>>> print(open('query_25.txt').read())   # compact mmCIF, C-alpha atoms
# COMPACT_ATOMS: atom_id res chain seq x y z
CA MET A 192 5.82 6.04 -34.18
CA VAL A 193 6.24 4.69 -30.63
CA ALA A 194 7.80 1.22 -30.63
CA ASP A 195 5.67 -1.75 -29.55
CA LEU A 196 6.29 -3.19 -26.11
CA ASP A 197 8.38 -6.36 -25.90
CA GLY A 198 7.18 -8.69 -23.15
CA ASP A 199 10.36 -10.79 -23.20
CA ARG A 200 12.54 -7.70 -22.86
CA LEU A 201 10.45 -6.49 -19.92
CA ALA A 202 10.63 -9.88 -18.24
CA ARG A 203 14.42 -10.01 -18.56
CA ALA A 204 14.73 -6.56 -17.01
CA LEU A 205 12.29 -7.12 -14.14
CA LEU A 206 12.07 -10.74 -13.06
CA GLY A 207 14.56 -12.19 -10.61
CA GLN A 208 16.19 -8.82 -9.94
CA GLY A 209 15.31 -8.46 -6.26
CA GLN A 210 11.95 -7.10 -7.30
CA PRO A 211 8.43 -8.21 -6.31
CA TRP A 212 7.50 -8.85 -9.97
CA THR A 213 6.89 -12.52 -10.82
CA ARG A 214 5.08 -12.46 -14.17
CA VAL A 215 4.89 -9.97 -17.04
CA GLN A 216 2.00 -10.16 -19.50
CA VAL A 217 1.69 -7.82 -22.51
CA VAL A 218 -1.65 -7.85 -24.35
CA PRO A 219 -2.51 -6.11 -27.63
CA SER A 220 -5.78 -4.66 -26.35
CA THR A 221 -8.10 -4.75 -23.35
CA GLY A 222 -10.90 -2.79 -21.78
CA SER A 223 -9.17 -2.02 -18.47
CA THR A 224 -5.92 -3.43 -17.10
CA ASN A 225 -7.17 -2.77 -13.56
CA ALA A 226 -10.33 -4.79 -14.21
CA ASP A 227 -8.26 -7.64 -15.66
CA VAL A 228 -5.91 -7.76 -12.69
CA ALA A 229 -8.88 -7.57 -10.31
CA ASP A 230 -10.22 -10.68 -12.04
CA ALA A 231 -6.82 -12.30 -11.53
CA VAL A 232 -7.04 -11.52 -7.79
CA ARG A 233 -10.45 -13.18 -7.62
CA ALA A 234 -8.93 -16.21 -9.37
CA GLY A 235 -6.23 -16.45 -6.68
CA ALA A 236 -3.26 -14.99 -8.59
CA ALA A 237 -0.03 -14.49 -6.68
CA GLU A 238 1.66 -11.18 -5.96
CA GLY A 239 3.83 -9.70 -8.66
CA LEU A 240 1.68 -9.93 -11.79
CA VAL A 241 2.37 -7.09 -14.24
CA LEU A 242 -0.21 -6.54 -16.99
CA VAL A 243 0.52 -4.09 -19.81
CA ALA A 244 -1.87 -3.20 -22.65
CA ASN A 245 -0.76 -1.73 -25.95
CA HIS A 246 -4.29 -0.40 -26.39
CA GLN A 247 -6.64 0.29 -23.46
CA ARG A 248 -10.21 0.94 -24.55
CA ALA A 249 -11.85 1.83 -21.21
CA GLY A 250 -9.24 2.83 -18.66
CA ARG A 251 -10.53 3.58 -15.18
CA GLY A 252 -9.57 6.59 -13.10
CA ARG A 253 -10.49 8.15 -9.79
CA LEU A 254 -14.08 9.29 -9.23
CA GLY A 255 -15.35 6.85 -11.88
CA ARG A 256 -13.69 8.52 -14.87
CA THR A 257 -12.92 6.48 -17.98
CA TRP A 258 -10.72 7.13 -21.00
CA GLU A 259 -9.21 5.36 -24.00
CA THR A 260 -5.48 5.03 -24.66
CA PRO A 261 -4.86 5.00 -28.43
CA ALA A 262 -2.79 2.04 -29.55
CA GLY A 263 0.93 2.53 -28.99
CA SER A 264 0.57 6.05 -27.61
CA GLY A 265 1.07 5.51 -23.90
CA LEU A 266 1.60 3.19 -20.98
CA ALA A 267 -1.44 1.41 -19.54
CA VAL A 268 -0.26 -0.84 -16.71
CA SER A 269 -1.64 -2.62 -13.65
CA VAL A 270 0.21 -4.70 -11.09
CA LEU A 271 -0.90 -7.01 -8.29
CA LEU A 272 0.50 -6.44 -4.80
CA ARG A 273 -0.28 -8.30 -1.58
CA PRO A 274 1.00 -6.35 1.44
CA ASP A 275 -0.50 -9.00 3.74
CA ALA A 276 1.49 -7.99 6.82
CA VAL A 277 0.51 -4.33 6.49
CA ALA A 278 -2.41 -3.12 8.59
CA ALA A 279 -5.43 -2.06 6.56
CA ALA A 280 -5.13 1.45 7.99
CA ARG A 281 -1.79 1.83 6.17
CA TRP A 282 -3.04 0.74 2.73
CA PRO A 283 -4.18 4.27 1.76
CA TRP A 284 -0.48 5.12 1.47
CA LEU A 285 -0.13 2.83 -1.56
CA PRO A 286 -1.51 5.38 -4.06
CA LEU A 287 0.88 8.03 -2.74
CA LEU A 288 3.82 5.59 -2.81
CA THR A 289 2.93 4.72 -6.41
CA GLY A 290 2.75 8.39 -7.34
CA VAL A 291 6.21 8.99 -5.90
CA ALA A 292 7.63 5.98 -7.76
CA LEU A 293 6.00 7.08 -11.02
CA ALA A 294 7.33 10.62 -10.71
CA GLU A 295 10.84 9.47 -9.78
CA GLY A 296 10.93 6.82 -12.51
CA LEU A 297 9.90 9.35 -15.14
CA ARG A 298 12.42 11.89 -13.87
CA ARG A 299 15.17 9.31 -14.19
CA SER A 300 14.19 7.75 -17.51
CA ALA A 301 12.56 10.65 -19.37
CA GLY A 302 14.40 13.60 -17.87
CA VAL A 303 11.22 15.53 -17.06
CA ALA A 304 10.65 17.65 -13.94
CA ALA A 305 7.77 15.51 -12.67
CA GLU A 306 5.84 16.63 -9.58
CA LEU A 307 2.74 15.36 -7.81
CA LYS A 308 -0.72 16.83 -7.45
CA TRP A 309 -2.36 15.28 -4.41
CA PRO A 310 -2.98 12.44 -4.19
CA ASN A 311 -1.12 10.91 -7.13
CA ASP A 312 -1.43 12.75 -10.45
CA VAL A 313 1.97 13.35 -12.05
CA LEU A 314 2.40 16.88 -13.41
CA VAL A 315 5.03 18.58 -15.52
CA ALA A 316 4.82 22.38 -15.67
CA GLY A 317 1.32 22.16 -14.20
CA ARG A 318 -0.04 19.75 -16.82
CA LYS A 319 -1.00 16.13 -16.19
CA LEU A 320 1.39 13.56 -17.62
CA ALA A 321 0.33 10.46 -15.71
CA GLY A 322 -2.22 9.19 -13.21
CA VAL A 323 -2.69 6.38 -10.71
CA LEU A 324 -5.63 4.27 -9.53
CA VAL A 325 -5.24 1.81 -6.64
CA GLU A 326 -8.10 -0.54 -5.75
CA ARG A 327 -8.38 -3.05 -2.90
CA VAL A 328 -9.85 -6.33 -4.19
CA ASP A 329 -10.82 -9.40 -2.16
CA GLY A 330 -10.09 -12.90 -3.45
CA PRO A 331 -9.75 -16.48 -2.18
CA SER A 332 -6.18 -15.76 -1.04
CA GLY A 333 -7.21 -12.63 0.84
CA PRO A 334 -7.21 -8.94 -0.06
CA ALA A 335 -4.85 -7.53 -2.67
CA ALA A 336 -4.01 -4.13 -4.09
CA VAL A 337 -4.51 -3.60 -7.82
CA VAL A 338 -2.18 -0.74 -8.68
CA GLY A 339 -2.82 0.84 -12.06
CA PHE A 340 -1.13 3.74 -13.78
CA GLY A 341 -1.17 5.41 -17.17
CA VAL A 342 1.41 7.65 -18.82
CA ASN A 343 0.92 9.82 -21.91
CA VAL A 344 3.94 8.99 -24.06
CA GLY A 345 3.51 9.67 -27.77
CA LEU A 346 0.26 11.68 -27.85
CA ALA A 347 0.11 14.83 -29.94
CA VAL A 348 -1.79 17.88 -28.70
CA ALA A 349 -4.90 16.93 -30.69
CA ASP A 350 -4.98 13.48 -29.04
CA LEU A 351 -4.73 14.57 -25.40
CA PRO A 352 -7.57 13.35 -23.15
CA ALA A 353 -8.01 16.81 -21.60
CA PRO A 354 -6.80 20.37 -22.30
CA GLN A 355 -4.72 20.40 -19.10
CA ALA A 356 -2.82 17.23 -20.04
CA THR A 357 0.55 16.78 -21.71
CA SER A 358 2.73 13.95 -23.06
CA LEU A 359 6.39 13.04 -23.21
CA ALA A 360 6.33 13.72 -26.96
CA ILE A 361 4.99 17.23 -26.41
CA LEU A 362 7.61 17.77 -23.71
CA GLU A 363 10.28 16.57 -26.16
CA ALA A 364 11.58 13.99 -23.70
CA PRO A 365 14.88 12.37 -24.72
CA THR A 366 13.25 8.93 -24.95
CA LEU A 367 9.82 7.69 -26.01
CA ASP A 368 10.81 4.03 -25.63
CA ARG A 369 7.90 2.68 -23.62
CA GLY A 370 9.84 -0.41 -22.54
CA GLU A 371 12.65 1.71 -21.12
CA LEU A 372 10.20 4.04 -19.40
CA LEU A 373 8.14 1.22 -17.93
CA THR A 374 11.19 -0.66 -16.68
CA ALA A 375 12.44 2.43 -14.84
CA VAL A 376 9.03 3.06 -13.24
CA LEU A 377 8.50 -0.56 -12.17
CA ILE A 378 11.99 -0.84 -10.68
CA GLU A 379 11.34 2.34 -8.72
CA LEU A 380 7.93 1.09 -7.61
CA GLY A 381 9.25 -2.35 -6.67
CA GLU A 382 12.10 -0.97 -4.58
CA ARG A 383 9.92 1.54 -2.76
CA TYR A 384 7.14 -0.98 -2.14
CA LEU A 385 9.52 -3.60 -0.70
CA ALA A 386 11.23 -1.04 1.54
CA TRP A 387 7.87 0.29 2.77
CA ARG A 388 6.60 -3.22 3.48
CA ALA A 389 9.82 -4.29 5.21
CA ALA A 390 9.66 -1.24 7.47
CA GLY A 391 6.20 -2.24 8.61
CA ALA A 392 4.65 0.35 6.30
CA ALA A 393 6.16 3.17 8.35
CA THR A 394 4.57 6.37 7.12
CA GLU A 395 7.02 9.11 8.12
CA PRO A 396 9.83 8.36 5.61
CA LEU A 397 7.29 8.06 2.79
CA ARG A 398 5.45 11.18 3.94
CA GLU A 399 8.68 13.20 3.88
CA THR A 400 9.53 11.96 0.37
CA TYR A 401 6.01 12.66 -0.85
CA VAL A 402 5.97 16.18 0.59
CA GLY A 403 9.22 16.91 -1.23
CA ARG A 404 7.57 16.17 -4.60
CA CYS A 405 4.05 17.50 -3.96
CA ALA A 406 3.27 20.62 -5.99
CA THR A 407 -0.10 20.99 -4.24
CA LEU A 408 1.38 22.09 -0.92
CA GLY A 409 1.44 25.84 -0.42
CA GLN A 410 -1.13 26.35 -3.18
CA PRO A 411 -4.62 27.81 -2.92
CA VAL A 412 -6.87 24.91 -3.88
CA SER A 413 -10.44 24.00 -4.63
CA VAL A 414 -11.31 20.40 -3.68
CA GLN A 415 -14.39 18.68 -5.07
CA LEU A 416 -15.38 16.25 -2.34
CA PRO A 417 -17.09 12.87 -2.92
CA ASP A 418 -20.40 14.22 -1.56
CA GLY A 419 -20.47 16.89 -4.29
CA SER A 420 -19.49 19.79 -2.04
CA THR A 421 -16.46 21.99 -2.65
CA LEU A 422 -13.77 22.94 -0.16
CA ARG A 423 -11.60 26.01 -0.77
CA GLY A 424 -8.49 26.96 1.13
CA GLN A 425 -4.71 26.67 1.30
CA ALA A 426 -3.05 23.24 1.03
CA THR A 427 -0.73 23.20 4.03
CA GLY A 428 0.42 19.64 4.61
CA ILE A 429 -0.01 15.86 4.49
CA ASP A 430 -0.98 14.07 7.69
CA GLY A 431 0.08 10.63 8.94
CA SER A 432 -2.74 8.95 7.01
CA GLY A 433 -1.79 10.56 3.68
CA ARG A 434 -4.67 13.04 3.81
CA LEU A 435 -4.36 16.55 2.42
CA LEU A 436 -4.59 19.27 5.06
CA VAL A 437 -6.50 22.31 3.84
CA SER A 438 -6.54 25.51 5.88
CA THR A 439 -9.86 27.33 5.56
CA ARG A 440 -11.45 30.30 7.29
CA THR A 441 -12.99 27.94 9.83
CA GLY A 442 -9.94 25.81 10.54
CA VAL A 443 -7.86 22.99 9.07
CA GLN A 444 -9.70 20.14 7.37
CA ALA A 445 -8.15 16.77 6.49
CA VAL A 446 -9.26 15.50 3.06
CA GLY A 447 -9.02 11.77 2.39
CA ALA A 448 -10.56 11.78 -1.09
CA GLY A 449 -11.36 14.47 -3.61
CA ASP A 450 -10.48 16.10 -6.90
CA VAL A 451 -8.00 18.95 -6.40
CA LEU A 452 -7.76 22.03 -8.59
CA HIS A 453 -4.74 24.30 -8.14
CA LEU A 454 -5.99 27.87 -8.13
CA LEU A 455 -4.14 30.98 -9.26
CA PRO A 456 -3.27 33.14 -6.25
CA GLY A 457 -5.57 36.08 -5.79
CA PRO A 458 -4.47 39.71 -6.09
>>> encode(input="query_25.txt", output="structure tokens")
Amino acid sequence: MVADLDGDRLARALLGQGQPWTRVQVVPSTGSTNADVADAVRAGAAEGLVLVANHQRAGRGRLGRTWETPAGSGLAVSVLLRPDAVAAARWPWLPLLTGVALAEGLRRSAGVAAELKWPNDVLVAGRKLAGVLVERVDGPSGPAAVVGFGVNVGLAVADLPAPQATSLAILEAPTLDRGELLTAVLIELGERYLAWRAAGAATEPLRETYVGRCATLGQPVSVQLPDGSTLRGQATGIDGSGRLLVSTRTGVQAVGAGDVLHLLPGP
């Protein structure tokens, strides 16, 4: 049985530690932590809110996907960030930054060889362990980023949301303490976010770090694009806007949004 999250313990570990986090709220159950934090943005909430749900009934993912997190089986978290001084053109780097922080935090706390599938799915041995959804929301205090992520912690094989998923329990990670895992991830995210913001959201250092963890690069891929079409080719790089570069028979195409499938190399 995965231990319940302790809001006071999380607050002691995160608040006032040179981090952007200003408030930690743990709720027993909610529909979507991202939707709740988006409501907080519209109500004028300050940067640094961390919302954690023990049970998420209708989590939101990329491309409109939804899923349920069984009570106590995973991490369902959303945070509120306000990179006000960062140009809007740089905001698309936030999902990639979050993916890097999530992968590095899980490597450090859970001892798993976490990698990234573009743009921000966290994989271990090719199976999805965690995912990220970042949404820009406007409120009376200006635009904010709602950064949500979910991690499969204690799920058994029969409880996985998809056949290609995995969990820390299945991977036999040395810890399934969700408080310890979440603290490590949020410290990593806070440090990387503050450094990125202080550097004027410079993309090159983050791009280099991301490339070093991205399992998509060098792979033959199939990308389902938002318009319903499919792009096939070789993933060759990440450009200065965080887009995936795919080399096809007709040239190199930059993909800003899409669902990537890693393909097995042909004969």
>>> residues_around(input="query_25.txt", residues="region 235-248 of chain A", least_positions_apart="6", cutoff="8 Å", atoms="all atoms listed in the file", output="short mmCIF file (atom, residue, chain, number, x, y, z; two decimals) with C-alpha atoms, in the frame of the given file")
data_model
loop_
_atom_site.label_atom_id
_atom_site.label_comp_id
_atom_site.auth_asym_id
_atom_site.auth_seq_id
_atom_site.Cartn_x
_atom_site.Cartn_y
_atom_site.Cartn_z
CA ASP A 195 5.67 -1.75 -29.55
CA LEU A 196 6.29 -3.19 -26.11
CA PRO A 211 8.43 -8.21 -6.31
CA TRP A 212 7.50 -8.85 -9.97
CA THR A 213 6.89 -12.52 -10.82
CA ARG A 214 5.08 -12.46 -14.17
CA VAL A 215 4.89 -9.97 -17.04
CA GLN A 216 2.00 -10.16 -19.50
CA VAL A 217 1.69 -7.82 -22.51
CA VAL A 218 -1.65 -7.85 -24.35
CA PRO A 219 -2.51 -6.11 -27.63
CA SER A 220 -5.78 -4.66 -26.35
CA THR A 221 -8.10 -4.75 -23.35
CA GLY A 222 -10.90 -2.79 -21.78
CA SER A 223 -9.17 -2.02 -18.47
CA THR A 224 -5.92 -3.43 -17.10
CA VAL A 228 -5.91 -7.76 -12.69
CA TRP A 258 -10.72 7.13 -21.00
CA GLU A 259 -9.21 5.36 -24.00
CA THR A 260 -5.48 5.03 -24.66
CA PRO A 261 -4.86 5.00 -28.43
CA ALA A 262 -2.79 2.04 -29.55
CA GLY A 263 0.93 2.53 -28.99
CA GLY A 265 1.07 5.51 -23.90
CA LEU A 266 1.60 3.19 -20.98
CA ALA A 267 -1.44 1.41 -19.54
CA VAL A 268 -0.26 -0.84 -16.71
CA SER A 269 -1.64 -2.62 -13.65
CA VAL A 270 0.21 -4.70 -11.09
CA LEU A 271 -0.90 -7.01 -8.29
CA LEU A 272 0.50 -6.44 -4.80
CA ARG A 273 -0.28 -8.30 -1.58
CA GLY A 330 -10.09 -12.90 -3.45
CA PRO A 331 -9.75 -16.48 -2.18
CA SER A 332 -6.18 -15.76 -1.04
#
>>> atom_distance(input="query_25.txt", atom1="CA of Leu408 (chain A)", atom2="CA of Val337 (chain A)")
27.2 Å
>>> closest_residue(input="query_25.txt", among="A:Leu397, A:Ile378, A:Val446, A:Ala386", to="Gln208 (chain A)", atoms="only C-alpha atoms")
A:Ile378
>>> residues_around(input="query_25.txt", residues="Ala445 (chain A)", least_positions_apart="6", cutoff="12 Å", atoms="all atoms listed in the file", output="count of residues only")
19
>>> residues_around(input="query_25.txt", residues="Leu455 (chain A)", least_positions_apart="2", cutoff="9 Å", atoms="all atoms listed in the file", output="list in words")
Gln410, Pro411, Val412, His453 and Gly457 of chain A
>>> decode(input="query_25.txt", residues="region 374-391 of chain A", atoms="C-alpha atoms", output="CSV table (one decimal), in the first residue's frame")
chain,number,residue,atom,x,y,z
A,374,THR,CA,9.7,16.6,-3.2
A,375,ALA,CA,12.6,15.5,-5.4
A,376,VAL,CA,10.7,16.4,-8.6
A,377,LEU,CA,9.5,19.8,-7.4
A,378,ILE,CA,13.0,20.8,-6.1
A,379,GLU,CA,14.4,19.9,-9.5
A,380,LEU,CA,11.6,21.7,-11.3
A,381,GLY,CA,11.9,24.8,-9.1
A,382,GLU,CA,15.7,25.1,-9.5
A,383,ARG,CA,15.5,24.6,-13.3
A,384,TYR,CA,12.6,27.0,-13.7
A,385,LEU,CA,14.3,29.8,-11.7
A,386,ALA,CA,17.6,29.4,-13.5
A,387,TRP,CA,15.8,29.5,-16.9
A,388,ARG,CA,13.8,32.6,-15.9
A,389,ALA,CA,16.9,34.3,-14.5
A,390,ALA,CA,18.8,33.7,-17.7
A,391,GLY,CA,16.0,35.4,-19.7
